[in-house]
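In what follows, a single structure is set out as structure tokens and then discussed.
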Amino acid sequence: MRFLAVFLFFIALSVGPSAAHERFALVIGNAGYTSVPALDNPVNDARLMSDELRGAGFEVTTLTDVSLDEMTGEVDTFASKVRAAGSEALAVFYFAGHGVRSDGFNYLLPLDVNIQSEADIAGQAVPAEWVLDRIHTPQAVSVMILDACRDNPFGGQSDVNLDVGDGLARMTARTNNLIAYATGPGEVALDGTGTNSPYTAAIARAIRTSGRPLEQMFEQVRTDVISETDGIQTPWARSSLNTTIGMKDPTASQ
């Protein structure tokens with residue numbers, strides 16, 4: 001019996017932690033803003049990310065050009081699905097579009113945003129911290145990817161000029177959680193001159209070609225983006241992962 005127990009233990013190790021996880025992703029891309037400058041690539045980025053995540057074994061929900069109510073409602077639905085899976089979940093939340101920091105907190109802008117003063121931001125945008133808390137459960141693995149540092153949408157091209165600063169603020173990673181930003185805190189990321197942003201293109205390429213653990217994968221993404229943007233953009237991440245799980249499901253068909 002003792003030999004059998006040891007044998008089963010090593011069989012379990014050989015399967016690896018990633019094979020046991022149910023994989024869920026919520027992908028949002030907002031581009032066609034009207035009260036703030038529109039963006040070229042977030043919808044393309046969301047579609048590319050969705051395709052790559054499906055290929056890696058994720059059940060993906062994709063939203064493009066959506067309102068505040070649609071965003072918050074789908075986050076709640078997604079969070080319920082993740083919580084139901086419990087410790088067997090790998091949850092990925094991806095957002096491409098405008099994001100701003102206000103009073104030290106980050107907000108993701110829905111398409112119907114109509115902000116006249118900085119005091120309006122908290123009521124008309126989606127707090128990134130709220131999303132993180134909703135999708136996070138201590139036993140599961142959660143990843144938040146924000147390609148949302150593209151500029152200050154309330155700068156000179158907007159009808160309302162608010163000095164909220166550039167880029168996003170740092171957030172604290174929860175237990176077994178990774179937060180990945182397109183660029184460093186307070187910095188501006190590129191929307192891209194092609195059909196995708198440099199950051200999302202690098203992530204998609206890494207998902208497709210790499211079976212590395214998440215932290216190593218995002219290190220590669222960082223290196224690639226720095227190279228492709230000639231050092232203009234440096235992706236940044238914070239992690240408290242206690243697993244070596246990768247984005248690609250080894251049981252998914254390729």
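Chain labels follow the order of the structure tokens: the first chain is A, the next B, and so on; residue numbering restarts at 1 in every chain, and ligands are counted from 1 in their shown order.
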### Message
Please identify the alpha helix (DSSP H) residues within range 67-231 of chain A (assignment by DSSP from backbone atoms) and present them as JSON, numbers by chain.
### Response
{"A": [68, 69, 70, 71, 72, 73, 74, 75, 76, 77, 78, 79, 80, 81, 82, 83, 84, 85, 121, 122, 123, 124, 128, 129, 130, 131, 132, 133, 134, 135, 198, 199, 200, 201, 202, 203, 204, 205, 206, 207, 208, 209, 214, 215, 216, 217, 218, 219, 220, 221, 222, 223, 224, 225, 226, 227, 228]}
Mind dumping a table of every range 60-135 of chain A residue within 6 Å of range 41-50 of chain A, with the nearest atom pair and its distance in Å to one decimal, using only C-alpha atoms, sorted by chain and rising number, as CSV?
residue,atom,partner,partner_atom,distance
A:Thr64,CA,A:Val43,CA,5.9
A:Ala96,CA,A:Pro42,CA,4.9
A:Gly97,CA,A:Pro42,CA,5.5
Contact check, range 178-223 of chain A to range 91-95 of chain A, at most 12 Å, counting only C-alpha atoms, closest pairs as a Markdown table:
| residue | atom | partner | partner_atom | distance |
| --- | --- | --- | --- | --- |
| A:Leu178 | CA | A:Val92 | CA | 9.5 |
| A:Ile179 | CA | A:Phe93 | CA | 9.6 |
| A:Ala180 | CA | A:Tyr94 | CA | 9.4 |
| A:Tyr181 | CA | A:Phe95 | CA | 10.1 |
| A:Ala182 | CA | A:Phe95 | CA | 10.5 |
| A:Tyr199 | CA | A:Phe95 | CA | 12.0 |
| A:Thr200 | CA | A:Tyr94 | CA | 9.8 |
| A:Ile203 | CA | A:Tyr94 | CA | 11.1 |
| A:Ala204 | CA | A:Tyr94 | CA | 11.9 |
| A:Leu214 | CA | A:Val92 | CA | 11.4 |
### From A:Thr243, A:Ser67, A:Thr62, A:Thr229, residue lying nearest Val113 in chain A [only C-alpha atoms]
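Going through A:Thr243, A:Ser67, A:Thr62, A:Thr229 one by one, the smallest distance to Val113 in chain A is for A:Ser67.
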Please give the complete set of residues from range 136-250 of chain A that DSSP, run on the backbone, assigns to strand (DSSP E), formatted as a compact mmCIF listing (two decimals) with N, CA, C and O atoms, in the first residue's frame.
# COMPACT_ATOMS: atom_id res chain seq x y z
N VAL A 141 -6.33 30.92 -9.23
CA VAL A 141 -5.31 31.78 -9.83
C VAL A 141 -6.04 32.85 -10.65
O VAL A 141 -6.91 32.53 -11.46
N SER A 142 -5.69 34.11 -10.43
CA SER A 142 -6.32 35.19 -11.18
C SER A 142 -5.25 36.07 -11.81
O SER A 142 -4.21 36.34 -11.22
N VAL A 143 -5.56 36.52 -13.04
CA VAL A 143 -4.64 37.37 -13.81
C VAL A 143 -5.43 38.55 -14.34
O VAL A 143 -6.49 38.37 -14.96
N MET A 144 -4.96 39.76 -14.08
CA MET A 144 -5.55 40.97 -14.65
C MET A 144 -4.55 41.58 -15.60
O MET A 144 -3.41 41.86 -15.23
N ILE A 145 -4.98 41.78 -16.86
CA ILE A 145 -4.12 42.36 -17.89
C ILE A 145 -4.74 43.67 -18.33
O ILE A 145 -5.87 43.70 -18.81
N LEU A 146 -4.00 44.78 -18.18
CA LEU A 146 -4.52 46.10 -18.49
C LEU A 146 -3.69 46.74 -19.60
O LEU A 146 -2.57 47.20 -19.37
N ASP A 147 -4.25 46.75 -20.80
CA ASP A 147 -3.66 47.51 -21.90
C ASP A 147 -4.44 48.82 -21.97
O ASP A 147 -5.14 49.12 -22.93
N ASN A 177 -2.23 35.91 -7.37
CA ASN A 177 -2.74 36.83 -8.38
C ASN A 177 -1.57 37.52 -9.09
O ASN A 177 -0.52 37.75 -8.49
N LEU A 178 -1.76 37.81 -10.38
CA LEU A 178 -0.79 38.56 -11.16
C LEU A 178 -1.50 39.72 -11.85
O LEU A 178 -2.56 39.52 -12.45
N ILE A 179 -0.94 40.92 -11.72
CA ILE A 179 -1.47 42.10 -12.40
C ILE A 179 -0.43 42.55 -13.42
O ILE A 179 0.73 42.81 -13.06
N ALA A 180 -0.83 42.63 -14.69
CA ALA A 180 0.10 42.98 -15.76
C ALA A 180 -0.36 44.27 -16.44
O ALA A 180 -1.52 44.39 -16.85
N TYR A 181 0.54 45.23 -16.52
CA TYR A 181 0.25 46.52 -17.12
C TYR A 181 1.03 46.66 -18.44
O TYR A 181 2.16 46.19 -18.56
N TRP A 236 5.04 46.23 -17.20
CA TRP A 236 5.30 46.10 -15.77
C TRP A 236 4.29 45.14 -15.17
O TRP A 236 3.15 45.05 -15.65
N ALA A 237 4.68 44.40 -14.16
CA ALA A 237 3.77 43.43 -13.55
C ALA A 237 4.04 43.30 -12.06
O ALA A 237 5.17 43.53 -11.60
N ARG A 238 3.00 42.94 -11.32
CA ARG A 238 3.14 42.60 -9.91
C ARG A 238 2.51 41.23 -9.72
O ARG A 238 1.43 40.94 -10.23
N SER A 239 3.20 40.38 -8.95
CA SER A 239 2.74 39.00 -8.82
C SER A 239 2.86 38.51 -7.38
O SER A 239 3.82 38.83 -6.67
### Task
Tell me, as number ranges by chain, which residues lie within 8 Å of Phe58 in chain A, counting only C-alpha atoms; anything in the same chain fewer than 5 positions away does not count.
A: 22-25, 53
For the residues in that selection, give me N, CA, C and O atoms as a PDB file, in the first residue's frame.
ATOM      1  N   GLU A  22      -9.794  24.772 -14.458  1.00  0.00           N
ATOM      2  CA  GLU A  22     -10.748  25.271 -15.430  1.00  0.00           C
ATOM      3  C   GLU A  22     -10.329  26.687 -15.788  1.00  0.00           C
ATOM      4  O   GLU A  22      -9.978  27.476 -14.921  1.00  0.00           O
ATOM      5  N   ARG A  23     -10.411  27.016 -17.065  1.00  0.00           N
ATOM      6  CA  ARG A  23      -9.868  28.283 -17.546  1.00  0.00           C
ATOM      7  C   ARG A  23     -10.987  29.178 -18.068  1.00  0.00           C
ATOM      8  O   ARG A  23     -11.732  28.794 -18.970  1.00  0.00           O
ATOM      9  N   PHE A  24     -11.068  30.359 -17.485  1.00  0.00           N
ATOM     10  CA  PHE A  24     -12.092  31.316 -17.857  1.00  0.00           C
ATOM     11  C   PHE A  24     -11.434  32.664 -18.159  1.00  0.00           C
ATOM     12  O   PHE A  24     -10.504  33.076 -17.471  1.00  0.00           O
ATOM     13  N   ALA A  25     -11.956  33.358 -19.161  1.00  0.00           N
ATOM     14  CA  ALA A  25     -11.425  34.679 -19.495  1.00  0.00           C
ATOM     15  C   ALA A  25     -12.564  35.627 -19.839  1.00  0.00           C
ATOM     16  O   ALA A  25     -13.511  35.250 -20.533  1.00  0.00           O
ATOM     17  N   LEU A  53      -6.587  33.056 -26.387  1.00  0.00           N
ATOM     18  CA  LEU A  53      -7.002  32.398 -25.143  1.00  0.00           C
ATOM     19  C   LEU A  53      -7.869  31.179 -25.428  1.00  0.00           C
ATOM     20  O   LEU A  53      -7.740  30.154 -24.755  1.00  0.00           O
TER      21      LEU A  53
END
### Task
List the neighbours of Tyr107 in chain A out to 12 Å using only C-alpha atoms; skip same-chain residues closer than 2 positions along the sequence, and give me the result as an MDAnalysis selection string.
chainID A and resid 68 95 97:105 109:110 113 118 120:132 146 148:149 152:153 164 167:169 171
Saved selection, atoms kept: C-alpha atoms, as a CSV table (one decimal), in the first residue's frame:
chain,number,residue,atom,x,y,z
A,68,LEU,CA,-20.9,50.9,-17.8
A,95,PHE,CA,-9.1,45.2,-20.8
A,97,GLY,CA,-9.1,50.9,-23.9
A,98,HIS,CA,-8.9,54.1,-21.9
A,99,GLY,CA,-8.0,53.9,-18.3
A,100,VAL,CA,-7.3,56.7,-15.8
A,101,ARG,CA,-6.1,57.1,-12.3
A,102,SER,CA,-7.9,59.4,-9.9
A,103,ASP,CA,-7.1,59.9,-6.2
A,104,GLY,CA,-4.7,57.0,-6.3
A,105,PHE,CA,-7.1,54.5,-7.9
A,109,LEU,CA,-13.6,53.7,-19.0
A,110,PRO,CA,-16.8,52.4,-20.6
A,113,VAL,CA,-18.6,57.8,-20.2
A,118,GLU,CA,-12.8,64.5,-11.8
A,120,ASP,CA,-17.6,62.1,-11.9
A,121,ILE,CA,-15.0,59.4,-12.6
A,122,ALA,CA,-15.8,57.1,-9.7
A,123,GLY,CA,-19.5,57.1,-10.7
A,124,GLN,CA,-19.1,56.6,-14.4
A,125,ALA,CA,-16.1,54.3,-14.8
A,126,VAL,CA,-15.3,50.8,-13.5
A,127,PRO,CA,-12.8,50.7,-10.6
A,128,ALA,CA,-10.0,48.3,-11.5
A,129,GLU,CA,-9.7,47.4,-7.8
A,130,TRP,CA,-13.3,46.3,-7.7
A,131,VAL,CA,-12.8,44.1,-10.7
A,132,LEU,CA,-9.8,42.5,-9.1
A,146,LEU,CA,-4.5,46.1,-18.5
A,148,ALA,CA,-5.2,50.7,-20.7
A,149,CYS,CA,-2.4,53.2,-20.1
A,152,ASN,CA,-4.8,60.9,-20.5
A,153,PRO,CA,-8.2,60.9,-22.3
A,164,VAL,CA,-5.5,63.3,-13.8
A,167,GLY,CA,-0.8,56.2,-16.9
A,168,LEU,CA,-2.1,54.1,-14.1
A,169,ALA,CA,-1.4,53.7,-10.4
A,171,MET,CA,-2.2,48.1,-7.4
### Pick from A:Gly55, A:Thr137, A:Thr34, A:Pro198 nearest to Asp230 in chain A, counting only C-alpha atoms
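Going through A:Gly55, A:Thr137, A:Thr34, A:Pro198 one by one, the smallest distance to Asp230 in chain A is for A:Pro198.
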## Note on the structure
Residue with the minimum atom-to-atom distance to Asp40 in chain A, picked from A:Asp191, A:Asp224, A:Glu88, A:Asp249 with only C-alpha atoms counted, is A:Asp191
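Straight-line separation from CA of Pro37 in chain A to CA of Thr193 in chain A: 16.1 Å.
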### Residue nearest Ser87 in chain A among A:Asn176, A:Asn196, A:Gln233, A:Ser210 (counting only C-alpha atoms)
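For Ser87 in chain A, the nearest of the candidates is A:Asn176.
Each of A:Thr183, A:Gln139, A:Ser35, A:Thr77 was compared to Asn114 in chain A using only C-alpha atoms, and A:Ser35 turns out to be the nearest.
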